[in-house]
file work-v4.cif (mmCIF, C-alpha atoms)
data_model
#
loop_
_atom_site.label_atom_id
_atom_site.label_comp_id
_atom_site.auth_asym_id
_atom_site.auth_seq_id
_atom_site.Cartn_x
_atom_site.Cartn_y
_atom_site.Cartn_z
CA MET A 193 -7.37 -42.08 6.92
CA ILE A 194 -3.85 -43.47 6.65
CA ASP A 195 -2.34 -44.18 3.26
CA PHE A 196 -0.44 -47.45 3.58
CA PRO A 197 2.48 -47.77 3.41
CA LEU A 198 3.42 -44.55 5.15
CA THR A 199 6.52 -42.88 3.69
CA PHE A 200 8.75 -39.94 4.59
CA GLN A 201 10.69 -37.57 2.39
CA ILE A 202 14.24 -37.49 3.75
CA PHE A 203 16.94 -35.61 1.84
CA GLY A 204 14.86 -35.81 -1.30
CA GLN A 205 14.41 -39.58 -0.99
CA THR A 206 11.18 -41.46 -0.31
CA ILE A 207 11.77 -43.70 2.71
CA LEU A 208 9.33 -46.26 4.08
CA ALA A 209 8.17 -45.71 7.66
CA HIS A 210 9.28 -49.12 8.92
CA PRO A 211 13.07 -48.68 8.59
CA VAL A 212 12.76 -45.15 9.99
CA PHE A 213 10.92 -46.29 13.12
CA GLU A 214 13.12 -49.38 13.40
CA THR A 215 16.27 -47.23 13.35
CA ILE A 216 14.81 -44.80 15.91
CA GLY A 217 13.77 -47.74 18.12
CA ILE A 218 17.23 -49.32 18.05
CA PHE A 219 18.94 -45.99 18.70
CA LEU A 220 16.70 -45.01 21.63
CA GLY A 221 16.78 -48.56 23.02
CA MET A 222 20.58 -48.57 23.02
CA ARG A 223 20.76 -45.10 24.60
CA TYR A 224 18.32 -46.22 27.30
CA TYR A 225 20.39 -49.36 27.91
CA PHE A 226 23.64 -47.42 28.37
CA PHE A 227 21.82 -44.97 30.66
CA LEU A 228 20.63 -47.85 32.86
CA LYS A 229 24.04 -49.50 32.68
CA ARG A 230 25.74 -46.37 34.06
CA LYS A 231 23.28 -46.31 36.97
CA SER A 232 23.56 -50.04 37.69
CA PRO A 233 25.65 -51.06 40.71
CA GLU A 234 26.66 -54.22 38.84
CA LYS A 235 29.75 -53.49 36.74
CA LEU A 236 30.98 -55.86 34.08
CA SER A 237 34.52 -55.94 32.76
CA PHE A 238 35.17 -54.67 29.24
CA ASN A 239 35.85 -58.21 27.97
CA VAL A 240 32.57 -59.56 29.35
CA SER A 241 30.54 -56.57 28.10
CA ALA A 242 32.11 -56.75 24.63
CA ALA A 243 31.60 -60.51 24.37
CA ILE A 244 27.94 -60.24 25.39
CA LEU A 245 27.31 -57.38 22.95
CA ILE A 246 28.95 -59.25 20.07
CA GLY A 247 27.15 -62.49 20.92
CA ALA A 248 23.76 -60.82 21.19
CA THR A 249 24.20 -58.81 17.97
CA ALA A 250 25.50 -61.70 15.88
CA GLY A 251 22.90 -64.12 17.21
CA ALA A 252 20.02 -61.71 16.72
CA LEU A 253 21.12 -60.79 13.19
CA ILE A 254 21.47 -64.42 12.08
CA GLY A 255 18.38 -65.66 13.90
CA SER A 256 16.03 -62.91 12.74
CA LYS A 257 16.88 -63.59 9.11
CA LEU A 258 17.09 -67.39 9.34
CA ILE A 259 13.72 -67.83 11.07
CA GLY A 260 12.19 -65.07 8.93
CA ASN A 261 13.13 -66.97 5.79
CA LEU A 262 12.15 -70.36 7.19
CA GLU A 263 8.57 -69.10 7.48
CA ASN A 264 8.45 -70.26 3.85
CA PRO A 265 10.76 -73.31 3.78
CA THR A 266 9.95 -74.21 0.16
CA SER A 267 11.02 -70.81 -1.12
CA PHE A 268 14.08 -70.78 1.13
CA PHE A 269 15.43 -74.18 0.06
CA ASN A 270 14.24 -74.35 -3.56
CA ASP A 271 14.49 -70.73 -4.66
CA PHE A 272 17.14 -69.11 -2.46
CA ASP A 273 17.64 -65.41 -3.05
CA VAL A 274 20.24 -63.33 -1.21
CA LYS A 275 18.19 -60.12 -1.33
CA ARG A 276 15.08 -61.87 0.01
CA PHE A 277 17.15 -63.55 2.72
CA TRP A 278 18.58 -60.22 3.86
CA THR A 279 15.22 -58.41 3.94
CA ASN A 280 13.16 -61.12 5.71
CA ASN A 281 13.30 -60.68 9.48
CA THR A 282 11.39 -61.68 12.59
CA ILE A 283 11.90 -60.51 16.16
CA VAL A 284 11.15 -64.05 17.37
CA GLY A 285 14.27 -65.38 15.65
CA GLY A 286 16.26 -62.39 16.84
CA LEU A 287 15.33 -62.96 20.48
CA ALA A 288 15.86 -66.73 20.37
CA PHE A 289 19.24 -66.65 18.63
CA GLY A 290 20.31 -63.48 20.45
CA LEU A 291 19.89 -65.46 23.66
CA LEU A 292 21.93 -68.31 22.19
CA GLY A 293 24.66 -65.88 21.14
CA VAL A 294 24.83 -64.35 24.63
CA GLU A 295 25.00 -67.74 26.35
CA MET A 296 27.80 -68.89 24.01
CA ALA A 297 29.71 -65.64 24.58
CA LYS A 298 29.37 -65.97 28.36
CA LYS A 299 30.73 -69.51 28.24
CA ILE A 300 33.73 -68.33 26.21
CA VAL A 301 34.66 -65.61 28.72
CA GLY A 302 33.67 -67.71 31.74
CA HIS A 303 30.90 -65.43 33.02
CA ARG A 304 28.13 -67.31 34.82
CA GLU A 305 25.91 -64.56 36.22
CA SER A 306 22.69 -63.52 34.48
CA THR A 307 23.00 -60.31 32.46
CA GLY A 308 19.49 -60.04 31.00
CA ASP A 309 17.52 -57.86 33.43
CA LEU A 310 19.21 -54.62 32.36
CA ILE A 311 18.16 -55.06 28.72
CA VAL A 312 14.46 -55.74 29.36
CA PHE A 313 13.09 -52.19 29.30
CA PRO A 314 15.39 -50.92 26.51
CA LEU A 315 14.28 -53.94 24.49
CA LEU A 316 10.62 -53.21 25.19
CA LEU A 317 11.13 -49.59 24.10
CA ALA A 318 12.82 -50.60 20.84
CA MET A 319 10.13 -53.19 20.08
CA ILE A 320 7.26 -50.77 20.72
CA ILE A 321 8.74 -48.14 18.40
CA GLY A 322 9.56 -50.78 15.79
CA ARG A 323 5.98 -52.11 15.84
CA ILE A 324 4.69 -48.60 15.14
CA GLY A 325 6.67 -48.81 11.91
CA CYS A 326 5.22 -52.26 11.21
CA PHE A 327 1.69 -50.90 11.59
CA PHE A 328 2.32 -48.07 9.14
CA MET A 329 3.39 -50.62 6.49
CA GLY A 330 -0.17 -52.01 6.34
CA VAL A 331 -0.31 -55.10 4.12
CA HIS A 332 2.94 -54.22 2.35
CA GLU A 333 4.91 -56.30 4.85
CA GLU A 334 3.94 -59.60 6.46
CA THR A 335 3.06 -57.97 9.78
CA TYR A 336 -0.71 -57.80 9.28
CA GLY A 337 -3.55 -59.99 10.47
CA LEU A 338 -6.22 -62.15 8.91
CA PRO A 339 -9.53 -60.62 7.77
CA THR A 340 -12.02 -60.22 10.62
CA GLY A 341 -15.57 -59.07 11.26
CA SER A 342 -14.55 -57.82 14.71
CA PHE A 343 -14.97 -54.16 15.63
CA LEU A 344 -11.18 -54.13 15.99
CA GLY A 345 -10.72 -54.78 12.28
CA MET A 346 -8.97 -52.09 10.22
CA ASN A 347 -8.42 -51.44 6.53
CA LEU A 348 -4.66 -51.78 6.22
CA GLY A 349 -4.50 -50.91 2.55
CA ASP A 350 -6.24 -53.73 0.67
CA GLY A 351 -9.87 -52.82 1.38
CA LEU A 352 -10.39 -55.66 3.88
CA LYS A 353 -11.00 -55.36 7.61
CA ARG A 354 -8.00 -57.08 9.18
CA HIS A 355 -6.66 -57.68 12.67
CA PRO A 356 -4.15 -54.86 13.33
CA VAL A 357 -1.72 -57.28 14.96
CA ALA A 358 1.03 -54.66 15.26
CA LEU A 359 -1.28 -52.59 17.48
CA TYR A 360 -2.19 -55.68 19.51
CA GLU A 361 1.52 -56.26 20.09
CA ILE A 362 2.14 -52.65 21.09
CA ALA A 363 -0.68 -52.91 23.65
CA PHE A 364 0.80 -56.16 25.01
CA LEU A 365 4.30 -54.67 25.26
CA LEU A 366 2.98 -51.62 27.12
CA PHE A 367 1.15 -53.95 29.52
CA MET A 368 4.35 -55.95 30.02
CA TRP A 369 6.27 -52.73 30.70
CA PHE A 370 3.80 -51.80 33.46
CA GLU A 371 3.78 -55.28 35.01
CA LEU A 372 7.56 -55.70 34.95
CA LYS A 373 8.04 -52.22 36.42
CA MET A 374 5.78 -53.22 39.31
CA ILE A 375 7.92 -56.32 39.90
CA ALA A 376 11.19 -54.41 39.50
CA ARG A 377 10.19 -51.86 42.15
CA LYS A 378 9.86 -54.61 44.74
CA ASN A 379 13.47 -55.69 44.14
CA LYS A 380 12.56 -59.13 45.47
CA TYR A 381 13.65 -61.49 42.74
CA PRO A 382 16.84 -63.29 41.71
CA SER A 383 19.07 -61.88 38.99
CA GLY A 384 17.75 -62.73 35.54
CA PHE A 385 14.14 -63.28 36.63
CA LEU A 386 12.76 -60.16 34.91
CA PHE A 387 14.34 -61.18 31.62
CA GLN A 388 13.09 -64.75 31.92
CA LEU A 389 9.56 -63.55 32.68
CA PHE A 390 9.64 -61.13 29.76
CA MET A 391 10.86 -63.78 27.31
CA LEU A 392 8.35 -66.40 28.47
CA SER A 393 5.47 -63.92 28.29
CA TYR A 394 6.44 -62.63 24.86
CA PHE A 395 6.85 -66.07 23.30
CA VAL A 396 3.46 -67.17 24.69
CA PHE A 397 1.90 -64.01 23.27
CA ARG A 398 3.50 -64.48 19.85
CA PHE A 399 2.52 -68.15 19.70
CA LEU A 400 -1.13 -67.15 20.20
CA LEU A 401 -0.96 -64.03 18.00
CA ASP A 402 0.25 -65.96 14.98
CA PHE A 403 -3.03 -67.88 14.83
CA ILE A 404 -4.60 -64.67 13.46
CA LYS A 405 -1.78 -63.93 11.03
CA PRO A 406 -1.28 -65.37 7.53
CA LYS A 407 1.33 -68.14 7.59
CA ILE A 408 2.49 -71.30 5.92
CA GLU A 409 1.52 -74.22 8.13
CA ILE A 410 4.43 -76.53 8.95
CA ILE A 411 3.08 -78.92 11.60
CA GLY A 412 -0.68 -79.10 11.96
CA ASN A 413 -1.91 -75.52 11.83
CA ILE A 414 1.19 -73.88 13.28
CA GLY A 415 3.99 -72.14 11.39
CA THR A 416 7.75 -71.82 11.81
CA ILE A 417 7.58 -68.88 14.20
CA GLN A 418 5.13 -70.74 16.43
CA ILE A 419 7.42 -73.78 16.52
CA VAL A 420 10.29 -71.56 17.68
CA CYS A 421 7.96 -69.98 20.25
CA LEU A 422 7.02 -73.40 21.63
CA ILE A 423 10.68 -74.38 22.01
CA MET A 424 11.42 -71.14 23.85
CA ILE A 425 8.32 -71.48 26.04
CA ILE A 426 9.43 -74.94 27.17
CA TYR A 427 12.96 -73.64 27.77
CA TYR A 428 11.84 -70.70 29.90
CA ILE A 429 9.30 -72.69 31.89
CA TYR A 430 12.18 -74.99 32.81
CA LYS A 431 14.48 -72.01 33.57
CA ILE A 432 11.96 -70.26 35.81
CA LYS A 433 11.00 -73.45 37.64
CA SER A 434 14.66 -74.28 38.27
CA THR A 435 15.48 -70.76 39.51
CA LYS A 436 16.08 -70.87 43.26
CA ILE A 437 14.56 -67.81 44.92
CA LEU A 438 16.59 -67.45 48.06
CA GLN A 439 15.03 -66.37 51.32
CA LYS A 440 17.17 -63.25 51.81
CA PRO A 441 16.19 -59.56 52.14
CA SER A 442 17.07 -58.87 48.51
CA LEU A 443 16.16 -62.28 47.13
CA ILE A 444 12.84 -63.48 48.50
CA GLU A 445 9.87 -65.03 46.88
CA ILE A 446 7.64 -62.54 45.08
CA GLN A 447 4.37 -62.10 46.94
#
call {"tool": "encode", "arguments": {"input": "work-v4.cif", "output": "structure tokens"}}
result
Amino acid sequence: MIDFPLTFQIFGQTILAHPVFETIGIFLGMRYYFFLKRKSPEKLSFNVSAAILIGATAGALIGSKLIGNLENPTSFFNDFDVKRFWTNNTIVGGLAFGLLGVEMAKKIVGHRESTGDLIVFPLLLAMIIGRIGCFFMGVHEETYGLPTGSFLGMNLGDGLKRHPVALYEIAFLLFMWFELKMIARKNKYPSGFLFQLFMLSYFVFRFLLDFIKPKIEIIGNIGTIQIVCLIMIIYYIYKIKSTKILQKPSLIEIQ
């Protein structure tokens, strides 16, 4: 039986599990990215690499907090609180605005090639580890599901059987890792396709997952995160459809 939220004693201080796992996830994800970058035959200049890193970091930081707070627009606009703004985050906003930051940075330095494929698996690793931390928070953070009578329901700390949505997401991310690895081994896709496929798949998953999570409905029965997901789904459907898969040995249509 897990006592939610899970905590650790670190240097005499009680630390919640989520920030611990989140920090580990980011650290290992970045180390994995630099490992892959060293092995990659595609070398970017320092200016391009720095611009992309700054754009991605700034965009993800702003987007995760902005969309996280806009989940409750009334509270955000009528009762703004700096501490609440800083602590509310969502990976959906981070991914969407991180992409925007990267695209803006690439325009500034004049780089037109896709740079997303290399980050896919480090990002998956960081997200999986981070979601473990979300699960261990139980109902003490807004990363839990609605009550359910399903056999999958778990007591996350409030005595109710709820959808363990963090575990659902971990299972989905592991599945995506396997599927994308299978595609990557074929090496028969244009640059950027892995990243586009990952982003499209994740936003579709999150749009559906949020129907079994508590939320404030904004339009119909969908919330802010789902609206962002829909925008990104439309964007990536257009991107993938407009991608020209060239008939060359290294760039042929995936069978």
call {"tool": "closest_residue", "arguments": {"input": "work-v4.cif", "among": "A:Ile423, A:Phe327, A:Gly412, A:Gly308", "to": "Ser383 of chain A", "atoms": "all atoms listed in the file"}}
result
A:Gly308
call {"tool": "residues_around", "arguments": {"input": "work-v4.cif", "residues": "segment 222-229 of chain A", "least_positions_apart": "5", "cutoff": "8 Å", "atoms": "only C-alpha atoms", "output": "ChimeraX atom specification"}}
result
/A:310-311,313-314
call {"tool": "residues_around", "arguments": {"input": "work-v4.cif", "residues": "segment 234-242 of chain A", "least_positions_apart": "3", "cutoff": "8 Å", "atoms": "all atoms listed in the file", "output": "MDAnalysis selection string"}}
result
chainID A and resid 245:246 298 301 303
call {"tool": "resolve_selection", "arguments": {"input": "work-v4.cif", "expression": "the PyMOL selection byres ((chain A and resi 204-216) around 10)", "output": "compact mmCIF listing (two decimals) with C-alpha atoms, keeping the file's coordinate frame"}}
result
# COMPACT_ATOMS: atom_id res chain seq x y z
CA PHE A 196 -0.44 -47.45 3.58
CA PRO A 197 2.48 -47.77 3.41
CA LEU A 198 3.42 -44.55 5.15
CA THR A 199 6.52 -42.88 3.69
CA PHE A 200 8.75 -39.94 4.59
CA GLN A 201 10.69 -37.57 2.39
CA ILE A 202 14.24 -37.49 3.75
CA PHE A 203 16.94 -35.61 1.84
CA GLY A 217 13.77 -47.74 18.12
CA ILE A 218 17.23 -49.32 18.05
CA PHE A 219 18.94 -45.99 18.70
CA LEU A 220 16.70 -45.01 21.63
CA GLY A 221 16.78 -48.56 23.02
CA MET A 222 20.58 -48.57 23.02
CA ALA A 318 12.82 -50.60 20.84
CA MET A 319 10.13 -53.19 20.08
CA ILE A 320 7.26 -50.77 20.72
CA ILE A 321 8.74 -48.14 18.40
CA GLY A 322 9.56 -50.78 15.79
CA ARG A 323 5.98 -52.11 15.84
CA ILE A 324 4.69 -48.60 15.14
CA GLY A 325 6.67 -48.81 11.91
CA CYS A 326 5.22 -52.26 11.21
CA PHE A 327 1.69 -50.90 11.59
CA PHE A 328 2.32 -48.07 9.14
CA MET A 329 3.39 -50.62 6.49
CA GLU A 333 4.91 -56.30 4.85
call {"tool": "closest_residue", "arguments": {"input": "work-v4.cif", "among": "A:Glu361, A:Glu334, A:Glu409, A:Asp309", "to": "Leu389 of chain A", "atoms": "all atoms listed in the file"}}
result
A:Asp309
call {"tool": "closest_residue", "arguments": {"input": "work-v4.cif", "among": "A:Val284, A:Asn379, A:Val294, A:Ile410", "to": "Val396 of chain A", "atoms": "all atoms listed in the file"}}
result
A:Val284
call {"tool": "resolve_selection", "arguments": {"input": "work-v4.cif", "expression": "the PyMOL selection byres ((chain A and resi 247) around 9)", "output": "list in words"}}
result
Ala242, Ala243, Ile244, Leu245, Ile246, Ala248, Thr249, Ala250, Gly251, Ala252, Gly290, Leu291, Leu292, Gly293, Val294, Glu295, Met296, Ala297 and Lys298 of chain A
call {"tool": "resolve_selection", "arguments": {"input": "work-v4.cif", "expression": "the PyMOL selection byres ((chain A and resi 256) around 12)", "output": "JSON, numbers by chain"}}
result
{"A": [248, 249, 250, 251, 252, 253, 254, 255, 257, 258, 259, 260, 261, 262, 263, 277, 278, 279, 280, 281, 282, 283, 284, 285, 286, 287, 288, 289, 290, 291, 417, 420]}
call {"tool": "write_last_selection", "arguments": {"input": "work-v4.cif", "atoms": "C-alpha atoms", "output": "short mmCIF file (atom, residue, chain, number, x, y, z; two decimals), keeping the file's coordinate frame"}}
result
data_model
loop_
_atom_site.label_atom_id
_atom_site.label_comp_id
_atom_site.auth_asym_id
_atom_site.auth_seq_id
_atom_site.Cartn_x
_atom_site.Cartn_y
_atom_site.Cartn_z
CA ALA A 248 23.76 -60.82 21.19
CA THR A 249 24.20 -58.81 17.97
CA ALA A 250 25.50 -61.70 15.88
CA GLY A 251 22.90 -64.12 17.21
CA ALA A 252 20.02 -61.71 16.72
CA LEU A 253 21.12 -60.79 13.19
CA ILE A 254 21.47 -64.42 12.08
CA GLY A 255 18.38 -65.66 13.90
CA LYS A 257 16.88 -63.59 9.11
CA LEU A 258 17.09 -67.39 9.34
CA ILE A 259 13.72 -67.83 11.07
CA GLY A 260 12.19 -65.07 8.93
CA ASN A 261 13.13 -66.97 5.79
CA LEU A 262 12.15 -70.36 7.19
CA GLU A 263 8.57 -69.10 7.48
CA PHE A 277 17.15 -63.55 2.72
CA TRP A 278 18.58 -60.22 3.86
CA THR A 279 15.22 -58.41 3.94
CA ASN A 280 13.16 -61.12 5.71
CA ASN A 281 13.30 -60.68 9.48
CA THR A 282 11.39 -61.68 12.59
CA ILE A 283 11.90 -60.51 16.16
CA VAL A 284 11.15 -64.05 17.37
CA GLY A 285 14.27 -65.38 15.65
CA GLY A 286 16.26 -62.39 16.84
CA LEU A 287 15.33 -62.96 20.48
CA ALA A 288 15.86 -66.73 20.37
CA PHE A 289 19.24 -66.65 18.63
CA GLY A 290 20.31 -63.48 20.45
CA LEU A 291 19.89 -65.46 23.66
CA ILE A 417 7.58 -68.88 14.20
CA VAL A 420 10.29 -71.56 17.68
#
call {"tool": "residues_around", "arguments": {"input": "work-v4.cif", "residues": "Met424 of chain A", "least_positions_apart": "2", "cutoff": "8 Å", "atoms": "all atoms listed in the file", "output": "MDAnalysis selection string"}}
result
chainID A and resid 288 392 395 420:422 426:428
call {"tool": "atom_distance", "arguments": {"input": "work-v4.cif", "atom1": "atom CA of Val357 of chain A", "atom2": "atom CA of Ala376 of chain A"}}
result
27.9 Å
call {"tool": "closest_residue", "arguments": {"input": "work-v4.cif", "among": "A:Leu401, A:Leu386, A:Ile425, A:Ile362", "to": "Ser306 of chain A", "atoms": "all atoms listed in the file"}}
result
A:Leu386
call {"tool": "atom_distance", "arguments": {"input": "work-v4.cif", "atom1": "atom CA of Pro356 of chain A", "atom2": "atom CA of Asn413 of chain A"}}
result
20.8 Å
call {"tool": "atom_distance", "arguments": {"input": "work-v4.cif", "atom1": "atom CA of Gly345 of chain A", "atom2": "atom CA of Ile419 of chain A"}}
result
26.6 Å
